[in-house]
file query-v5.cif (mmCIF, C-alpha atoms)
data_work
#
loop_
_atom_site.label_atom_id
_atom_site.label_comp_id
_atom_site.auth_asym_id
_atom_site.auth_seq_id
_atom_site.Cartn_x
_atom_site.Cartn_y
_atom_site.Cartn_z
CA MET B 112 116.70 74.69 102.87
CA LYS B 113 116.86 74.07 99.14
CA LYS B 114 114.63 75.80 96.64
CA LEU B 115 113.46 75.03 93.10
CA SER B 116 111.48 77.44 90.92
CA ILE B 117 109.14 76.23 88.19
CA GLY B 118 107.84 79.38 86.59
CA ASP B 119 105.57 81.00 89.15
CA VAL B 120 105.66 77.94 91.43
CA THR B 121 108.35 77.50 94.09
CA ILE B 122 109.26 74.28 95.89
CA THR B 123 111.24 74.47 99.12
CA SER B 124 112.70 71.49 100.97
CA ILE B 125 112.66 71.50 104.78
CA ILE B 126 114.91 68.79 106.22
CA GLU B 127 114.08 67.07 109.49
CA ARG B 128 117.16 64.82 109.59
CA ASP B 129 119.94 64.08 107.15
CA GLY B 130 123.09 61.96 107.04
CA PRO B 131 124.34 58.35 107.29
CA TRP B 132 121.57 56.15 108.63
CA ARG B 133 121.65 52.42 107.89
CA THR B 134 123.96 49.92 106.27
CA PRO B 135 122.90 48.38 102.95
CA GLN B 136 122.53 45.05 104.73
CA GLU B 137 119.95 46.55 107.06
CA MET B 138 117.99 48.15 104.25
CA PHE B 139 118.00 45.35 101.70
CA PRO B 140 117.38 41.79 102.97
CA ALA B 141 118.74 40.22 99.77
CA TYR B 142 121.88 42.37 99.75
CA ASP B 143 124.91 40.65 98.23
CA PRO B 144 128.16 42.13 99.66
CA THR B 145 130.20 41.24 96.58
CA ILE B 146 127.82 42.89 94.14
CA GLY B 147 127.08 45.69 96.57
CA LYS B 148 130.71 46.67 97.02
CA ARG B 149 131.08 47.24 93.29
CA HIS B 150 127.98 49.41 93.00
CA LEU B 151 128.53 51.33 96.23
CA ALA B 152 131.91 52.52 94.93
CA GLU B 153 130.08 54.28 92.11
CA LEU B 154 127.57 56.11 94.31
CA ASP B 155 127.72 59.82 95.08
CA PRO B 156 128.52 60.71 98.74
CA ALA B 157 125.05 62.25 98.88
CA VAL B 158 123.71 58.68 98.72
CA PHE B 159 126.35 56.52 100.42
CA ASP B 160 128.89 57.50 103.08
CA PRO B 161 132.06 55.38 102.63
CA ALA B 162 133.48 56.36 106.03
CA SER B 163 130.58 54.88 107.99
CA GLY B 164 129.52 52.30 105.42
CA LYS B 165 125.94 53.57 105.66
CA MET B 166 123.35 54.81 103.23
CA VAL B 167 122.53 58.51 103.55
CA ILE B 168 118.86 59.04 104.34
CA THR B 169 117.03 62.34 104.30
CA TYR B 170 113.64 62.99 105.88
CA GLN B 171 112.15 66.14 104.40
CA THR B 172 108.99 68.08 103.69
CA TYR B 173 108.31 70.00 100.50
CA ILE B 174 106.60 73.38 100.60
CA VAL B 175 104.90 74.13 97.29
CA ARG B 176 103.83 77.72 96.78
CA THR B 177 101.57 78.36 93.78
CA PRO B 178 99.73 81.56 92.87
CA ARG B 179 96.66 80.08 94.57
CA HIS B 180 97.80 77.80 97.37
CA THR B 181 100.50 76.87 99.84
CA VAL B 182 100.81 73.08 99.96
CA LEU B 183 102.93 70.77 102.11
CA ILE B 184 104.00 67.41 100.71
CA ASP B 185 104.82 64.83 103.41
CA THR B 186 105.51 65.72 107.03
CA CYS B 187 108.43 63.54 108.20
CA THR B 188 108.27 61.83 111.63
CA GLY B 189 106.91 64.52 113.97
CA GLU B 190 107.33 64.70 117.71
CA ASP B 191 105.93 63.25 120.95
CA LYS B 192 104.95 60.02 119.16
CA GLY B 193 106.99 57.77 121.43
CA TYR B 194 108.81 56.12 118.53
CA PRO B 195 111.71 53.86 119.49
CA PRO B 196 115.28 54.37 118.24
CA PRO B 197 116.35 55.24 115.64
CA MET B 198 113.18 57.26 114.96
CA ASP B 199 113.47 59.28 118.17
CA PHE B 200 115.99 61.80 116.81
CA PRO B 201 115.62 65.56 117.62
CA LYS B 202 112.92 67.34 115.63
CA GLN B 203 113.95 70.96 116.14
CA PRO B 204 115.61 71.29 112.70
CA TRP B 205 112.21 70.81 111.02
CA LEU B 206 110.61 73.44 113.24
CA ASP B 207 113.47 75.85 112.60
CA GLY B 208 113.25 75.27 108.86
CA PHE B 209 109.52 75.81 108.81
CA ALA B 210 109.94 79.13 110.62
CA ALA B 211 112.82 80.13 108.33
CA ALA B 212 110.51 79.64 105.36
CA GLY B 213 108.33 82.40 106.83
CA LEU B 214 105.36 80.14 107.47
CA ARG B 215 102.94 79.70 110.32
CA SER B 216 100.83 76.59 110.73
CA GLU B 217 97.79 78.68 109.79
CA ASP B 218 99.30 79.51 106.40
CA ILE B 219 98.99 75.99 104.96
CA ASP B 220 96.02 75.45 102.65
CA TYR B 221 96.56 71.79 101.74
CA LEU B 222 98.75 68.95 102.98
CA PHE B 223 99.35 65.84 100.93
CA CYS B 224 100.95 62.59 102.12
CA THR B 225 102.44 60.55 99.27
CA HIS B 226 101.82 57.55 101.53
CA LEU B 227 101.22 56.85 105.21
CA HIS B 228 104.51 55.45 106.48
CA ILE B 229 105.97 56.66 109.75
CA ASP B 230 108.36 59.17 108.14
CA HIS B 231 105.82 60.81 105.82
CA CYS B 232 102.93 61.72 108.10
CA GLY B 233 104.43 62.47 111.53
CA TRP B 234 103.85 66.22 111.64
CA ASN B 235 100.24 65.77 110.54
CA THR B 236 99.34 66.11 114.20
CA VAL B 237 100.65 67.52 117.47
CA LEU B 238 99.80 66.63 121.04
CA ARG B 239 97.55 69.18 122.77
CA ASP B 240 96.02 68.53 126.20
CA GLY B 241 96.43 64.79 125.76
CA ARG B 242 94.83 64.68 122.29
CA TRP B 243 96.30 64.42 118.79
CA VAL B 244 95.06 67.41 116.81
CA PRO B 245 95.89 68.67 113.29
CA THR B 246 99.14 70.64 113.25
CA PHE B 247 97.76 72.83 110.46
CA PRO B 248 94.33 74.01 111.59
CA LYS B 249 93.14 75.49 108.30
CA ALA B 250 94.55 72.86 105.95
CA LYS B 251 92.76 70.10 104.13
CA TYR B 252 94.79 66.89 104.38
CA ILE B 253 94.83 64.86 101.16
CA PHE B 254 95.10 61.07 101.59
CA HIS B 255 94.65 58.45 98.90
CA LYS B 256 91.51 56.61 99.97
CA GLY B 257 93.00 53.19 99.16
CA GLU B 258 96.15 53.94 101.16
CA TYR B 259 94.08 55.12 104.11
CA ALA B 260 91.80 52.08 103.94
CA ALA B 261 94.73 49.65 103.77
CA TRP B 262 96.33 51.00 106.96
CA GLU B 263 92.95 51.29 108.66
CA GLU B 264 92.31 47.59 108.09
CA SER B 265 95.85 46.70 109.12
CA THR B 266 95.37 48.59 112.38
CA LYS B 267 92.03 46.89 113.04
CA ARG B 268 93.78 43.53 112.69
CA GLY B 269 96.25 44.61 115.36
CA GLU B 270 99.21 44.64 113.00
CA THR B 271 102.20 46.90 113.56
CA ARG B 272 103.78 46.53 110.14
CA ALA B 273 107.06 48.25 109.46
CA GLY B 274 106.51 51.81 108.36
CA GLY B 275 102.85 52.20 109.26
CA GLY B 276 99.82 50.87 111.08
CA GLY B 277 99.26 50.83 114.83
CA ASN B 278 99.87 54.17 116.47
CA VAL B 279 101.27 55.64 113.24
CA PHE B 280 97.80 55.38 111.71
CA ARG B 281 95.87 56.30 114.84
CA TYR B 282 98.00 59.30 115.81
CA ASN B 283 98.78 60.72 112.38
CA CYS B 284 95.89 59.79 110.09
CA GLN B 285 92.75 58.72 111.94
CA ALA B 286 92.93 61.86 114.07
CA ILE B 287 92.77 64.00 110.92
CA VAL B 288 89.62 62.27 109.68
CA GLU B 289 88.03 62.60 113.10
CA ALA B 290 88.81 66.33 113.04
CA GLY B 291 86.98 66.69 109.72
CA GLN B 292 90.03 67.94 107.82
CA ALA B 293 90.71 64.96 105.52
CA LEU B 294 90.11 64.65 101.78
CA LEU B 295 90.15 60.97 100.75
CA VAL B 296 90.83 60.96 97.02
CA ASP B 297 91.26 58.61 94.04
CA ASP B 298 94.23 58.06 91.72
CA GLY B 299 93.30 60.87 89.35
CA TYR B 300 92.83 63.62 91.93
CA GLN B 301 93.66 67.11 90.67
CA LEU B 302 93.74 70.10 92.99
CA ASP B 303 93.94 72.56 90.10
CA ASP B 304 95.84 72.97 86.81
CA THR B 305 99.10 73.20 88.78
CA PHE B 306 98.92 70.19 91.11
CA TRP B 307 97.72 66.63 90.44
CA LEU B 308 98.50 63.05 91.45
CA VAL B 309 99.78 59.99 89.62
CA PRO B 310 99.63 56.49 91.19
CA THR B 311 103.00 54.84 91.91
CA PRO B 312 102.07 51.82 94.09
CA GLY B 313 104.58 49.31 95.39
CA HIS B 314 106.44 51.04 98.19
CA SER B 315 103.10 51.18 100.00
CA PRO B 316 99.58 49.97 99.08
CA CYS B 317 98.55 53.07 97.11
CA HIS B 318 101.59 55.33 97.01
CA CYS B 319 101.23 58.42 94.80
CA CYS B 320 103.56 61.02 93.36
CA VAL B 321 102.78 64.66 92.70
CA ASN B 322 102.93 66.37 89.34
CA ILE B 323 103.47 70.13 89.35
CA ARG B 324 103.09 72.35 86.31
CA SER B 325 103.56 76.10 86.11
CA ALA B 326 101.14 78.02 83.92
CA THR B 327 103.88 80.51 83.04
CA SER B 328 106.65 78.14 82.02
CA MET B 329 104.82 74.86 81.30
CA ILE B 330 107.62 72.98 83.04
CA ARG B 331 106.67 69.88 84.95
CA ALA B 332 108.44 68.37 87.94
CA ARG B 333 107.70 65.19 89.81
CA LEU B 334 108.23 64.87 93.53
CA THR B 335 109.14 61.32 94.41
CA LYS B 336 108.76 59.52 97.69
CA THR B 337 112.40 59.62 98.81
CA THR B 338 115.09 61.93 97.49
CA LYS B 339 118.32 63.38 98.80
CA SER B 340 117.59 66.78 97.25
CA LEU B 341 114.94 68.46 95.16
CA PRO B 342 114.08 66.56 91.98
CA GLN B 343 116.21 67.30 88.97
CA GLU B 344 113.99 65.65 86.37
CA GLN B 345 112.08 68.27 84.43
CA ILE B 346 110.06 67.91 81.24
CA VAL B 347 109.78 70.97 79.02
#
call {"tool": "encode", "arguments": {"input": "query-v5.cif", "output": "structure tokens"}}
result
Amino acid sequence: MKKLSIGDVTITSIIERDGPWRTPQEMFPAYDPTIGKRHLAELDPAVFDPASGKMVITYQTYIVRTPRHTVLIDTCTGEDKGYPPPMDFPKQPWLDGFAAAGLRSEDIDYLFCTHLHIDHCGWNTVLRDGRWVPTFPKAKYIFHKGEYAAWEESTKRGETRAGGGGNVFRYNCQAIVEAGQALLVDDGYQLDDTFWLVPTPGHSPCHCCVNIRSATSMIRARLTKTTKSLPQEQIV
């Protein structure tokens, strides 16, 4: 686990899986090997693994502890979802990391998904007696209402778009709404003076990032959708 302190707020990263994952050609349809070779040579090993020729991909959850709340940001891929390879990797590291952080599922007050792709909402639910139920029974799950609506409509049309829709939506998102634990919010949603959203669409229909500000230090950090480690950008 990696930890960042912002005054009286702490942010802890729990990693589900980490390491070489896919080649640049697999990730970027317009990849040009000649141009790519030049740029890849300049990348840090935390981003590109020269030995395997693959990009390093990290799936992780952020635990944000403020004086008022304990918040999870994104929940990786989860378990028992029946995902095909390569998304069927072992999930125990996430469970071990969550326990090592000294948390029980009952301790989470809020859970926010930056977007609703397969690797950002998987632990929203767990399978109990044949039903998908919220993993965190006391938490309110924060979804952007436009993001939720886009995947809901996609699922109704029978689409199984890469990253979301189909069972990803039904298992991980719709089940939360049906359980009465969802908060469907707009672009400008603010939980309190510590935690608020900013729209960053493009990667998904209504992707959002999280702004965090500590009342004691007035330092702000932004959690982005995909990072190798905790964010380094801070604004004083």
call {"tool": "resolve_selection", "arguments": {"input": "query-v5.cif", "expression": "the PyMOL selection byres ((chain B and resi 246-249) around 12)", "output": "ChimeraX atom specification"}}
result
/B:181-183,186,189-190,206,214-223,232-239,242-245,250-252,282-284,286-287,290-293
call {"tool": "closest_residue", "arguments": {"input": "query-v5.cif", "among": "B:Gln203, B:Glu153, B:Ile229, B:Thr305", "to": "Thr271 (chain B)", "atoms": "only C-alpha atoms"}}
result
B:Ile229
call {"tool": "closest_residue", "arguments": {"input": "query-v5.cif", "among": "B:Thr169, B:Thr123, B:Ser163, B:Thr188", "to": "Pro135 (chain B)", "atoms": "all atoms listed in the file"}}
result
B:Ser163
call {"tool": "atom_distance", "arguments": {"input": "query-v5.cif", "atom1": "CA of Thr311 (chain B)", "atom2": "CA of Asp298 (chain B)"}}
result
9.3 Å
call {"tool": "residues_around", "arguments": {"input": "query-v5.cif", "residues": "region 137-149 of chain B", "least_positions_apart": "6", "cutoff": "12 Å", "atoms": "only C-alpha atoms", "output": "ChimeraX atom specification"}}
result
/B:159,161,164-168
call {"tool": "atom_distance", "arguments": {"input": "query-v5.cif", "atom1": "CA of Trp205 (chain B)", "atom2": "CA of Arg128 (chain B)"}}
result
7.9 Å
call {"tool": "closest_residue", "arguments": {"input": "query-v5.cif", "among": "B:Asn322, B:Thr172, B:Gln136, B:Ser315", "to": "Ala261 (chain B)", "atoms": "only C-alpha atoms"}}
result
B:Ser315
call {"tool": "residues_near_point", "arguments": {"input": "query-v5.cif", "point": "(98.6, 59.1, 91.7)", "cutoff": "10 Å", "atoms": "all atoms listed in the file", "output": "mmCIF file with C-alpha atoms, keeping the file's coordinate frame"}}
result
data_model
loop_
_atom_site.group_PDB
_atom_site.id
_atom_site.type_symbol
_atom_site.label_atom_id
_atom_site.label_comp_id
_atom_site.auth_asym_id
_atom_site.auth_seq_id
_atom_site.Cartn_x
_atom_site.Cartn_y
_atom_site.Cartn_z
ATOM 1 C CA THR B 225 102.440 60.550 99.270
ATOM 2 C CA HIS B 255 94.650 58.450 98.900
ATOM 3 C CA VAL B 296 90.830 60.960 97.020
ATOM 4 C CA ASP B 297 91.260 58.610 94.040
ATOM 5 C CA ASP B 298 94.230 58.060 91.720
ATOM 6 C CA GLY B 299 93.300 60.870 89.350
ATOM 7 C CA TYR B 300 92.830 63.620 91.930
ATOM 8 C CA GLN B 301 93.660 67.110 90.670
ATOM 9 C CA TRP B 307 97.720 66.630 90.440
ATOM 10 C CA LEU B 308 98.500 63.050 91.450
ATOM 11 C CA VAL B 309 99.780 59.990 89.620
ATOM 12 C CA PRO B 310 99.630 56.490 91.190
ATOM 13 C CA THR B 311 103.000 54.840 91.910
ATOM 14 C CA PRO B 312 102.070 51.820 94.090
ATOM 15 C CA CYS B 317 98.550 53.070 97.110
ATOM 16 C CA HIS B 318 101.590 55.330 97.010
ATOM 17 C CA CYS B 319 101.230 58.420 94.800
ATOM 18 C CA CYS B 320 103.560 61.020 93.360
ATOM 19 C CA VAL B 321 102.780 64.660 92.700
ATOM 20 C CA ASN B 322 102.930 66.370 89.340
#
call {"tool": "decode", "arguments": {"input": "query-v5.cif", "residues": "region 150-198 of chain B", "atoms": "N, CA and C atoms", "output": "CSV table (one decimal), in the first residue's frame"}}
result
chain,number,residue,atom,x,y,z
B,150,HIS,N,9.5,6.9,-28.3
B,150,HIS,CA,8.9,7.4,-27.0
B,150,HIS,C,9.0,6.4,-25.9
B,151,LEU,N,8.8,5.1,-26.2
B,151,LEU,CA,8.8,4.1,-25.2
B,151,LEU,C,10.2,4.0,-24.5
B,152,ALA,N,11.3,4.3,-25.2
B,152,ALA,CA,12.6,4.3,-24.7
B,152,ALA,C,12.8,5.4,-23.6
B,153,GLU,N,11.9,6.4,-23.6
B,153,GLU,CA,12.0,7.5,-22.6
B,153,GLU,C,11.1,7.2,-21.4
B,154,LEU,N,10.3,6.2,-21.4
B,154,LEU,CA,9.3,6.0,-20.3
B,154,LEU,C,10.0,5.3,-19.1
B,155,ASP,N,9.5,5.7,-18.0
B,155,ASP,CA,9.9,5.0,-16.7
B,155,ASP,C,9.5,3.6,-16.7
B,156,PRO,N,10.2,2.7,-16.1
B,156,PRO,CA,9.8,1.3,-15.9
B,156,PRO,C,8.5,1.1,-15.2
B,157,ALA,N,8.1,2.1,-14.5
B,157,ALA,CA,6.8,2.0,-13.8
B,157,ALA,C,5.6,2.1,-14.8
B,158,VAL,N,5.9,2.5,-16.0
B,158,VAL,CA,4.9,2.7,-17.1
B,158,VAL,C,5.1,1.7,-18.2
B,159,PHE,N,6.3,1.4,-18.6
B,159,PHE,CA,6.5,0.4,-19.6
B,159,PHE,C,7.7,-0.5,-19.3
B,160,ASP,N,7.4,-1.8,-19.5
B,160,ASP,CA,8.4,-2.9,-19.1
B,160,ASP,C,9.1,-3.3,-20.4
B,161,PRO,N,10.4,-2.9,-20.6
B,161,PRO,CA,11.1,-3.2,-21.8
B,161,PRO,C,11.3,-4.7,-22.0
B,162,ALA,N,11.4,-5.5,-20.9
B,162,ALA,CA,11.7,-6.9,-21.1
B,162,ALA,C,10.5,-7.6,-21.7
B,163,SER,N,9.3,-7.3,-21.4
B,163,SER,CA,8.1,-7.9,-22.0
B,163,SER,C,7.6,-7.2,-23.1
B,164,GLY,N,7.9,-5.9,-23.3
B,164,GLY,CA,7.4,-5.1,-24.3
B,164,GLY,C,6.0,-4.7,-24.1
B,165,LYS,N,5.6,-4.7,-22.8
B,165,LYS,CA,4.2,-4.4,-22.4
B,165,LYS,C,4.1,-3.1,-21.5
B,166,MET,N,2.9,-2.5,-21.6
B,166,MET,CA,2.6,-1.4,-20.8
B,166,MET,C,2.3,-1.9,-19.4
B,167,VAL,N,2.7,-1.2,-18.3
B,167,VAL,CA,2.4,-1.6,-17.0
B,167,VAL,C,1.1,-1.0,-16.6
B,168,ILE,N,0.2,-1.8,-16.1
B,168,ILE,CA,-1.2,-1.4,-15.8
B,168,ILE,C,-1.4,-1.7,-14.3
B,169,THR,N,-2.0,-0.8,-13.6
B,169,THR,CA,-2.3,-1.0,-12.2
B,169,THR,C,-3.8,-0.8,-12.0
B,170,TYR,N,-4.4,-1.7,-11.3
B,170,TYR,CA,-5.8,-1.6,-10.9
B,170,TYR,C,-5.8,-1.3,-9.4
B,171,GLN,N,-6.3,-0.2,-9.0
B,171,GLN,CA,-6.2,0.1,-7.6
B,171,GLN,C,-7.5,0.9,-7.1
B,172,THR,N,-7.7,0.8,-5.8
B,172,THR,CA,-8.7,1.6,-5.1
B,172,THR,C,-8.0,2.6,-4.2
B,173,TYR,N,-8.6,3.8,-4.0
B,173,TYR,CA,-8.1,4.8,-3.1
B,173,TYR,C,-9.0,4.9,-1.9
B,174,ILE,N,-8.4,4.8,-0.7
B,174,ILE,CA,-9.1,5.0,0.5
B,174,ILE,C,-8.8,6.4,1.0
B,175,VAL,N,-9.8,7.3,1.1
B,175,VAL,CA,-9.7,8.6,1.6
B,175,VAL,C,-10.3,8.8,2.9
B,176,ARG,N,-9.4,9.1,3.9
B,176,ARG,CA,-9.9,9.3,5.3
B,176,ARG,C,-9.8,10.8,5.6
B,177,THR,N,-11.0,11.4,5.9
B,177,THR,CA,-11.1,12.8,6.3
B,177,THR,C,-11.5,12.8,7.7
B,178,PRO,N,-11.5,13.9,8.4
B,178,PRO,CA,-12.0,14.0,9.8
B,178,PRO,C,-13.4,13.6,9.9
B,179,ARG,N,-14.2,13.6,8.8
B,179,ARG,CA,-15.6,13.3,8.9
B,179,ARG,C,-16.0,11.9,8.3
B,180,HIS,N,-15.3,11.5,7.2
B,180,HIS,CA,-15.7,10.4,6.5
B,180,HIS,C,-14.6,9.5,6.1
B,181,THR,N,-15.0,8.2,5.8
B,181,THR,CA,-14.1,7.3,5.1
B,181,THR,C,-14.7,7.0,3.7
B,182,VAL,N,-13.9,7.3,2.7
B,182,VAL,CA,-14.5,7.2,1.3
B,182,VAL,C,-13.6,6.3,0.5
B,183,LEU,N,-14.2,5.5,-0.3
B,183,LEU,CA,-13.5,4.7,-1.3
B,183,LEU,C,-13.7,5.3,-2.7
B,184,ILE,N,-12.6,5.4,-3.5
B,184,ILE,CA,-12.7,5.9,-4.9
B,184,ILE,C,-12.3,4.7,-5.8
B,185,ASP,N,-13.3,4.3,-6.6
B,185,ASP,CA,-13.1,3.2,-7.5
B,185,ASP,C,-12.9,1.8,-6.8
B,186,THR,N,-13.4,0.8,-7.4
B,186,THR,CA,-13.3,-0.5,-6.7
B,186,THR,C,-12.8,-1.7,-7.6
B,187,CYS,N,-12.0,-1.3,-8.6
B,187,CYS,CA,-11.3,-2.4,-9.4
B,187,CYS,C,-12.3,-3.3,-10.1
B,188,THR,N,-11.9,-4.6,-10.2
B,188,THR,CA,-12.7,-5.6,-11.0
B,188,THR,C,-13.6,-6.5,-10.2
B,189,GLY,N,-13.3,-6.7,-8.9
B,189,GLY,CA,-14.1,-7.5,-8.1
B,189,GLY,C,-14.0,-9.0,-8.3
B,190,GLU,N,-14.9,-9.8,-7.8
B,190,GLU,CA,-14.8,-11.3,-7.9
B,190,GLU,C,-16.1,-11.9,-8.3
B,191,ASP,N,-16.1,-13.1,-8.7
B,191,ASP,CA,-17.2,-13.9,-9.1
B,191,ASP,C,-18.1,-13.3,-10.2
B,192,LYS,N,-17.5,-12.4,-11.0
B,192,LYS,CA,-18.2,-11.8,-12.1
B,192,LYS,C,-18.3,-12.6,-13.4
B,193,GLY,N,-17.4,-13.6,-13.4
B,193,GLY,CA,-17.4,-14.4,-14.7
B,193,GLY,C,-16.7,-13.8,-15.8
B,194,TYR,N,-15.8,-12.8,-15.5
B,194,TYR,CA,-15.1,-12.1,-16.6
B,194,TYR,C,-14.1,-13.0,-17.3
B,195,PRO,N,-14.0,-12.9,-18.6
B,195,PRO,CA,-13.1,-13.7,-19.4
B,195,PRO,C,-11.6,-13.2,-19.2
B,196,PRO,N,-10.6,-14.0,-19.6
B,196,PRO,CA,-9.3,-13.5,-19.5
B,196,PRO,C,-9.1,-12.3,-20.4
B,197,PRO,N,-8.3,-11.3,-20.0
B,197,PRO,CA,-7.4,-11.4,-18.9
B,197,PRO,C,-7.9,-10.8,-17.6
B,198,MET,N,-9.2,-10.6,-17.5
B,198,MET,CA,-9.8,-9.9,-16.4
B,198,MET,C,-10.1,-10.9,-15.2
